[in-house]
$ cat start-v2.txt   # compact mmCIF, C-alpha atoms
# COMPACT_ATOMS: atom_id res chain seq x y z
CA MET A 1 22.18 -16.43 12.50
CA SER A 2 19.51 -14.20 14.00
CA GLY A 3 16.50 -16.49 13.52
CA GLN A 4 13.19 -14.68 13.99
CA ARG A 5 14.76 -11.72 15.72
CA ALA A 6 14.23 -8.19 14.39
CA LYS A 7 16.92 -6.82 12.12
CA LYS A 8 19.61 -4.71 13.68
CA LYS A 9 20.85 -1.41 12.33
CA PHE A 10 24.51 -1.75 11.34
CA LEU A 11 26.57 1.33 10.51
CA TYR A 12 30.07 1.02 9.08
CA VAL A 13 32.01 4.22 9.77
CA ASN A 14 34.87 4.89 7.37
CA ARG A 15 37.33 7.50 8.57
CA LYS A 16 40.55 6.84 6.70
CA ALA A 17 41.87 7.45 3.18
CA PRO A 18 41.83 4.36 0.95
CA TYR A 19 45.46 3.34 0.30
CA GLY A 20 47.63 4.75 3.11
CA SER A 21 46.33 2.00 5.40
CA ILE A 22 44.29 -1.17 4.97
CA TYR A 23 41.23 -0.07 6.95
CA ALA A 24 39.14 1.00 3.94
CA LEU A 25 39.74 -2.24 2.04
CA GLU A 26 39.10 -4.48 5.03
CA SER A 27 36.02 -2.45 5.96
CA LEU A 28 34.62 -3.20 2.50
CA GLU A 29 35.30 -6.88 3.06
CA VAL A 30 33.18 -6.78 6.22
CA VAL A 31 30.38 -4.94 4.41
CA LEU A 32 30.30 -7.52 1.60
CA ILE A 33 30.28 -10.50 3.97
CA GLY A 34 27.80 -8.77 6.27
CA ALA A 35 25.33 -8.32 3.42
CA ALA A 36 24.51 -12.04 3.63
CA PHE A 37 23.09 -11.53 7.11
CA GLU A 38 20.22 -9.33 5.89
CA GLN A 39 20.53 -6.63 8.51
CA GLU A 40 19.76 -2.95 8.01
CA VAL A 41 23.08 -1.67 6.71
CA SER A 42 24.38 1.80 6.01
CA LEU A 43 27.84 3.28 5.58
CA ALA A 44 29.19 6.58 6.82
CA PHE A 45 32.16 8.46 5.38
CA LEU A 46 33.79 11.15 7.45
CA ASP A 47 37.24 12.63 8.08
CA ASP A 48 39.69 11.33 5.43
CA GLY A 49 37.20 8.51 4.78
CA VAL A 50 35.53 10.70 2.16
CA TYR A 51 38.56 10.09 -0.08
CA GLN A 52 37.44 6.45 -0.40
CA LEU A 53 34.62 7.56 -2.71
CA MET A 54 36.67 9.82 -4.99
CA ALA A 55 36.09 9.45 -8.73
CA GLY A 56 39.00 8.62 -11.00
CA GLN A 57 41.20 6.74 -8.56
CA ASP A 58 44.40 5.43 -10.14
CA THR A 59 46.62 3.19 -8.06
CA ALA A 60 49.17 2.27 -10.73
CA GLY A 61 51.81 4.46 -9.10
CA VAL A 62 51.50 2.85 -5.67
CA GLY A 63 51.23 -0.71 -6.99
CA MET A 64 48.09 -1.51 -5.00
CA LYS A 65 44.78 -3.00 -6.08
CA ASN A 66 42.27 -0.29 -7.02
CA PHE A 67 39.17 -1.33 -5.12
CA SER A 68 37.19 1.87 -5.71
CA LYS A 69 34.85 0.15 -8.19
CA THR A 70 33.58 -2.07 -5.38
CA TYR A 71 31.64 0.86 -3.94
CA LYS A 72 29.62 1.03 -7.15
CA ALA A 73 28.60 -2.62 -6.69
CA LEU A 74 27.28 -2.14 -3.15
CA GLY A 75 23.73 -1.58 -4.45
CA ASP A 76 23.73 -5.21 -5.65
CA TYR A 77 24.39 -6.22 -2.03
CA GLU A 78 21.36 -4.21 -0.82
CA VAL A 79 23.69 -1.59 0.62
CA ARG A 80 21.94 1.57 -0.51
CA LYS A 81 22.82 4.26 1.97
CA LEU A 82 26.25 5.84 1.89
CA TYR A 83 26.15 8.87 4.17
CA VAL A 84 28.88 11.40 3.45
CA GLU A 85 29.59 14.24 5.85
CA THR A 86 29.42 17.62 4.10
CA GLU A 87 31.90 19.29 6.47
CA ALA A 88 34.45 16.52 5.86
CA LEU A 89 34.18 17.16 2.11
CA ALA A 90 34.36 20.95 2.48
CA GLU A 91 37.37 20.81 4.82
CA ARG A 92 39.23 18.95 2.07
CA GLY A 93 38.13 21.25 -0.73
CA LEU A 94 35.84 18.58 -2.14
CA SER A 95 32.21 18.44 -3.17
CA LEU A 96 29.76 15.80 -4.32
CA ALA A 97 30.96 16.38 -7.91
CA ASP A 98 34.38 14.93 -6.97
CA LEU A 99 32.89 11.61 -5.88
CA GLN A 100 31.98 8.56 -7.95
CA GLU A 101 28.38 8.28 -9.01
CA ILE A 102 26.99 5.36 -7.02
CA THR A 103 23.44 4.15 -7.50
CA TRP A 104 21.07 1.36 -6.53
CA GLU A 105 18.14 -0.07 -8.46
CA ASP A 106 14.71 0.35 -6.92
CA GLU A 107 12.79 -2.77 -7.92
CA GLU A 108 9.57 -1.18 -6.67
CA GLU A 109 9.92 1.62 -9.20
CA ASP A 110 10.77 -0.39 -12.30
CA TYR A 111 14.45 -0.62 -11.31
CA ALA A 112 14.94 3.12 -11.38
CA GLU A 113 18.53 4.06 -10.56
CA LYS A 114 18.69 6.07 -7.37
CA PRO A 115 21.69 7.77 -5.80
CA SER A 116 23.29 5.88 -2.90
CA ILE A 117 25.38 8.82 -1.69
CA LEU A 118 23.49 10.99 0.77
CA LEU A 119 25.08 14.19 2.03
CA VAL A 120 24.48 14.89 5.72
CA ASP A 121 25.91 17.56 7.96
CA ARG A 122 27.89 16.82 11.09
CA ALA A 123 24.93 17.24 13.44
CA GLU A 124 22.82 14.86 11.36
CA MET A 125 25.71 12.38 11.27
CA THR A 126 25.77 12.45 15.07
CA ARG A 127 22.07 11.63 15.23
CA LEU A 128 22.54 8.89 12.66
CA ILE A 129 25.29 7.20 14.64
CA ALA A 130 23.26 7.48 17.86
CA ALA A 131 20.32 5.71 16.20
CA GLN A 132 22.33 2.53 15.36
CA ASP A 133 22.40 -0.82 17.12
CA VAL A 134 25.90 -1.74 15.95
CA VAL A 135 28.60 0.71 14.91
CA LEU A 136 31.77 -0.65 13.37
CA SER A 137 34.39 2.04 12.95
CA PHE A 138 37.32 1.69 10.56
CA MET B 139 24.73 -8.03 29.74
CA ARG B 140 26.18 -9.79 26.77
CA PHE B 141 29.23 -8.14 25.23
CA ALA B 142 31.19 -8.67 22.04
CA ILE B 143 34.65 -7.16 21.71
CA VAL B 144 36.52 -6.25 18.53
CA VAL B 145 40.29 -5.77 18.56
CA ASN B 146 41.57 -3.96 15.48
CA GLU B 147 45.25 -3.42 16.29
CA GLY B 148 48.18 -5.70 16.96
CA PRO B 149 49.95 -5.92 20.31
CA TYR B 150 52.46 -3.30 21.53
CA THR B 151 52.36 -0.81 18.63
CA HIS B 152 48.93 0.33 19.81
CA GLN B 153 47.25 0.20 23.19
CA ALA B 154 44.06 -1.27 21.69
CA SER B 155 44.77 -4.86 22.67
CA ASP B 156 45.77 -3.89 26.24
CA SER B 157 42.60 -1.82 26.63
CA ALA B 158 40.43 -4.56 25.17
CA TYR B 159 42.01 -7.13 27.52
CA ARG B 160 41.41 -4.92 30.56
CA PHE B 161 37.87 -4.23 29.42
CA ALA B 162 37.22 -7.95 28.95
CA LYS B 163 38.51 -8.69 32.44
CA ALA B 164 36.36 -5.94 33.95
CA VAL B 165 33.29 -7.19 32.10
CA LEU B 166 33.79 -10.70 33.45
CA GLU B 167 34.54 -9.50 36.98
CA LYS B 168 31.23 -7.61 36.97
CA GLY B 169 29.45 -10.86 36.12
CA HIS B 170 28.65 -10.07 32.50
CA GLU B 171 29.05 -12.42 29.58
CA ILE B 172 31.41 -12.13 26.60
CA PHE B 173 29.88 -13.68 23.51
CA ARG B 174 33.04 -13.41 21.46
CA VAL B 175 36.29 -11.47 21.01
CA PHE B 176 36.96 -10.85 17.33
CA PHE B 177 40.43 -9.92 16.08
CA TYR B 178 40.58 -7.97 12.82
CA HIS B 179 43.08 -5.92 10.81
CA ASP B 180 46.48 -6.11 12.56
CA GLY B 181 44.54 -7.34 15.60
CA VAL B 182 45.09 -10.85 14.24
CA ASN B 183 48.72 -10.53 15.37
CA ASN B 184 47.53 -10.93 18.96
CA GLY B 185 46.90 -14.55 18.06
CA THR B 186 50.38 -15.76 17.14
CA ARG B 187 52.16 -17.83 19.77
CA TYR B 188 55.55 -16.85 18.31
CA THR B 189 55.69 -13.42 19.95
CA VAL B 190 58.53 -13.18 22.46
CA PRO B 191 58.34 -9.84 24.27
CA PRO B 192 61.06 -8.92 26.80
CA GLN B 193 60.62 -10.75 30.09
CA ASP B 194 59.94 -7.60 32.08
CA ASP B 195 57.04 -6.68 29.78
CA ARG B 196 53.53 -8.09 29.54
CA ASN B 197 52.90 -10.92 27.08
CA LEU B 198 49.58 -10.01 25.53
CA GLN B 199 49.12 -13.24 23.63
CA LYS B 200 49.58 -15.22 26.84
CA LEU B 201 47.23 -12.93 28.73
CA TRP B 202 44.52 -13.48 26.13
CA SER B 203 45.13 -17.24 26.00
CA GLU B 204 44.94 -17.49 29.79
CA LEU B 205 41.79 -15.39 29.97
CA ALA B 206 40.21 -17.57 27.28
CA GLU B 207 41.13 -20.72 29.18
CA ALA B 208 39.82 -19.42 32.51
CA HIS B 209 36.50 -18.15 31.15
CA LYS B 210 35.96 -20.34 28.08
CA LEU B 211 36.13 -17.27 25.84
CA ASP B 212 35.67 -17.53 22.10
CA LEU B 213 38.70 -15.73 20.59
CA VAL B 214 38.24 -15.53 16.83
CA VAL B 215 40.90 -14.39 14.38
CA CYS B 216 39.61 -13.27 10.98
CA ILE B 217 40.83 -15.70 8.34
CA ALA B 218 41.26 -13.20 5.49
CA ALA B 219 43.11 -10.72 7.69
CA ALA B 220 45.17 -13.54 9.21
CA GLN B 221 46.24 -14.96 5.86
CA ARG B 222 47.49 -11.54 4.75
CA ARG B 223 49.59 -11.27 7.88
CA GLY B 224 50.88 -14.82 8.24
CA VAL B 225 48.77 -16.11 11.11
CA LEU B 226 47.87 -19.74 10.37
CA ASP B 227 46.46 -22.72 12.19
CA ALA B 228 47.50 -26.27 11.30
CA ASN B 229 44.70 -26.73 8.76
CA GLU B 230 45.39 -23.47 6.97
CA ALA B 231 49.15 -24.12 6.94
CA LYS B 232 48.51 -27.44 5.26
CA ARG B 233 45.99 -25.98 2.82
CA GLN B 234 48.34 -23.14 1.86
CA GLY B 235 51.42 -25.37 1.66
CA LYS B 236 53.23 -23.61 4.51
CA ASP B 237 55.78 -25.37 6.72
CA GLY B 238 54.32 -24.44 10.07
CA ASP B 239 51.47 -22.84 11.99
CA ASN B 240 51.54 -20.24 14.72
CA ILE B 241 48.02 -19.83 16.11
CA ALA B 242 48.10 -19.37 19.88
CA PRO B 243 46.17 -21.55 22.36
CA GLY B 244 42.57 -20.45 22.86
CA PHE B 245 42.40 -18.66 19.51
CA ARG B 246 40.62 -20.02 16.47
CA ILE B 247 40.56 -18.87 12.86
CA SER B 248 37.20 -18.21 11.22
CA GLY B 249 35.39 -15.88 8.84
CA LEU B 250 34.07 -12.34 9.00
CA GLY B 251 30.56 -13.72 9.44
CA GLN B 252 31.60 -14.33 13.04
CA LEU B 253 32.00 -10.58 13.50
CA ILE B 254 28.56 -9.82 12.08
CA GLU B 255 27.03 -12.60 14.16
CA ALA B 256 28.67 -11.11 17.26
CA GLY B 257 27.06 -7.76 16.43
CA ILE B 258 23.70 -9.44 16.11
CA GLU B 259 23.92 -11.66 19.19
CA ALA B 260 25.53 -9.27 21.67
CA ASP B 261 23.76 -6.46 23.53
CA ARG B 262 26.85 -4.30 23.08
CA LEU B 263 29.68 -4.57 20.58
CA VAL B 264 32.72 -2.63 21.74
CA THR B 265 35.57 -1.83 19.35
CA PHE B 266 39.18 -1.21 20.34
CA GLY B 267 41.28 0.29 17.60
CA ASP B 268 43.37 3.18 16.48
$ encode --input "start-v2.txt" --output "structure tokens"
Amino acid sequence: MSGQRAKKKFLYVNRKAPYGSIYALESLEVVLIGAAFEQEVSLAFLDDGVYQLMAGQDTAGVGMKNFSKTYKALGDYEVRKLYVETEALAERGLSLADLQEITWEDEEEDYAEKPSILLVDRAEMTRLIAAQDVVLSF
Amino acid sequence: MRFAIVVNEGPYTHQASDSAYRFAKAVLEKGHEIFRVFFYHDGVNNGTRYTVPPQDDRNLQKLWSELAEAHKLDLVVCIAAAQRRGVLDANEAKRQGKDGDNIAPGFRISGLGQLIEAGIEADRLVTFGD
């Protein structure tokens, strides 16, 4: 692995809806495996990718595995920053209230539950992406 | 400079594999190093030796295998993605009770950690996808 080297900033960019293609599911698989490497990880959700975080997903009708609960477990993998683009939500008639509540436990503040979802506008998202060492786009 | 390349689409349906191949060649011609090429999603389908494209078309699997041979490239196919899509090496075929394997020469099957490691070790990680 990386030995004594400084951590790198990894950003996983999720751009596609969760069940119409496999990108969302296989992106999550990378995030979960990547957590073992102790890098500085954050996720971005833009375009149709914001649908991945929708509350109340029900996949019974399409016969696929509902993996939406996995996002709620990301805090346990030290993945605490899920940046969601406000314009992408608005363009789809969505708001933060339509998304799952996802939190992480801050051990430095007596395991207080803190929100993982952070709303950022498109300009801020651009700056965020530019500040990364490694961007994996799905 | 040290590059890592990610190929996220299979051959022919998308241009991603063609573009990645051309990029890899250009990188090597300029004297740079390729730490690894990682095949993910349908990209794993670049690594089956059973593709038989028409003779007047390019054979992407062969092109990758030849490039790997000439430059000692590390072509890694993601094991989880490969199992979903029926790309197996001899070990995996045996382990899964399948009657044959299809991994192409120069490719090897390994885990997603290899992708993260490539991101860590390379100066630039370049993704080719849809």
$ interface_residues --input "start-v2.txt" --of "chain B" --to "chain A" --cutoff "8 Å" --atoms "all atoms listed in the file" --output "list of chain:residue names"
B:His179, B:Ala219, B:Leu250, B:Gly251, B:Ile254, B:Glu255, B:Gly257, B:Ile258, B:Glu259, B:Arg262, B:Leu263, B:Thr265
$ closest_residue --input "start-v2.txt" --among "B:Arg246, B:Val215, B:Thr189, B:Gln199" --to "Phe176 in chain B" --atoms "all atoms listed in the file"
B:Val215
$ residues_around --input "start-v2.txt" --residues "Pro115 in chain A" --least-positions-apart "2" --cutoff "8 Å" --atoms "only C-alpha atoms" --output "list in words"
Glu101, Ile102, Thr103, Trp104, Glu113, Ile117 and Leu118 of chain A
$ atom_distance --input "start-v2.txt" --atom1 "CA of Ala218 in chain B" --atom2 "CA of Gly49 in chain A"
22.1 Å
$ atom_distance --input "start-v2.txt" --atom1 "CA of Leu226 in chain B" --atom2 "CA of Gly148 in chain B"
15.5 Å
$ residues_around --input "start-v2.txt" --residues "Leu198 in chain B" --least-positions-apart "6" --cutoff "12 Å" --atoms "only C-alpha atoms" --output "list in words"
Gly148, Pro149, Tyr150, Thr151, His152, Gln153, Ala154, Ser155, Asp156, Ser157, Ala158, Tyr159, Arg160, Gly181, Asn183, Asn184, Gly185, Thr186, Arg187, Tyr188, Thr189, Val190, Pro191, Pro192, Glu204, Leu205 and Ala242 of chain B
$ atom_distance --input "start-v2.txt" --atom1 "CA of Glu109 in chain A" --atom2 "CA of Val13 in chain A"
29.2 Å
$ residues_around --input "start-v2.txt" --residues "range 229-236 of chain B" --least-positions-apart "6" --cutoff "10 Å" --atoms "only C-alpha atoms" --output "list of chain:residue names"
B:Ile217, B:Gln221, B:Ile247
$ closest_residue --input "start-v2.txt" --among "B:Ala260, B:Ala208, B:Leu201, B:Val145" --to "His170 in chain B" --atoms "all atoms listed in the file"
B:Ala260
$ residues_around --input "start-v2.txt" --residues "Glu171 in chain B" --least-positions-apart "6" --cutoff "8 Å" --atoms "all atoms listed in the file" --output "PDB file with C-alpha atoms, in the coordinates of the input"
ATOM      1  CA  MET B 139      24.730  -8.030  29.740  1.00  0.00           C
ATOM      2  CA  ARG B 140      26.180  -9.790  26.770  1.00  0.00           C
ATOM      3  CA  PHE B 141      29.230  -8.140  25.230  1.00  0.00           C
ATOM      4  CA  VAL B 165      33.290  -7.190  32.100  1.00  0.00           C
TER       5      VAL B 165
END
$ closest_residue --input "start-v2.txt" --among "A:Arg122, A:Lys16, A:Lys65, A:Arg127" --to "Asp47 in chain A" --atoms "only C-alpha atoms"
A:Lys16
$ closest_residue --input "start-v2.txt" --among "B:Ala164, B:Val144, B:Ile241, B:Leu213" --to "Ala228 in chain B" --atoms "all atoms listed in the file"
B:Ile241
$ closest_residue --input "start-v2.txt" --among "A:Glu38, A:Glu124, A:Glu108, A:Asp48" --to "Pro18 in chain A" --atoms "only C-alpha atoms"
A:Asp48
$ closest_residue --input "start-v2.txt" --among "B:Gly249, B:Gly244, B:Gly169, B:Gly238" --to "Asp212 in chain B" --atoms "only C-alpha atoms"
B:Gly244
$ build_atoms --input "start-v2.txt" --residues "range 215-227 of chain B" --atoms "N, CA and C atoms" --output "compact mmCIF listing (two decimals), keeping the file's coordinate frame"
# COMPACT_ATOMS: atom_id res chain seq x y z
N VAL B 215 40.01 -15.15 15.25
CA VAL B 215 40.90 -14.39 14.38
C VAL B 215 40.32 -14.44 12.97
N CYS B 216 40.16 -13.30 12.33
CA CYS B 216 39.61 -13.27 10.98
C CYS B 216 40.54 -13.96 9.99
N ILE B 217 39.98 -14.89 9.23
CA ILE B 217 40.83 -15.70 8.34
C ILE B 217 41.47 -14.88 7.22
N ALA B 218 40.71 -13.98 6.61
CA ALA B 218 41.26 -13.20 5.49
C ALA B 218 42.37 -12.28 5.99
N ALA B 219 42.11 -11.62 7.11
CA ALA B 219 43.11 -10.72 7.69
C ALA B 219 44.33 -11.51 8.17
N ALA B 220 44.09 -12.71 8.69
CA ALA B 220 45.17 -13.54 9.21
C ALA B 220 46.07 -14.06 8.09
N GLN B 221 45.45 -14.44 6.98
CA GLN B 221 46.24 -14.96 5.86
C GLN B 221 47.16 -13.88 5.31
N ARG B 222 46.64 -12.65 5.21
CA ARG B 222 47.49 -11.54 4.75
C ARG B 222 48.72 -11.36 5.62
N ARG B 223 48.55 -11.63 6.92
CA ARG B 223 49.59 -11.27 7.88
C ARG B 223 50.36 -12.48 8.42
N GLY B 224 50.09 -13.64 7.86
CA GLY B 224 50.88 -14.82 8.24
C GLY B 224 50.51 -15.44 9.57
N VAL B 225 49.23 -15.39 9.92
CA VAL B 225 48.77 -16.11 11.11
C VAL B 225 47.97 -17.31 10.62
N LEU B 226 48.46 -18.51 10.91
CA LEU B 226 47.87 -19.74 10.37
C LEU B 226 47.66 -20.77 11.47
N ASP B 227 46.57 -21.53 11.34
CA ASP B 227 46.46 -22.72 12.19
C ASP B 227 46.93 -23.93 11.36
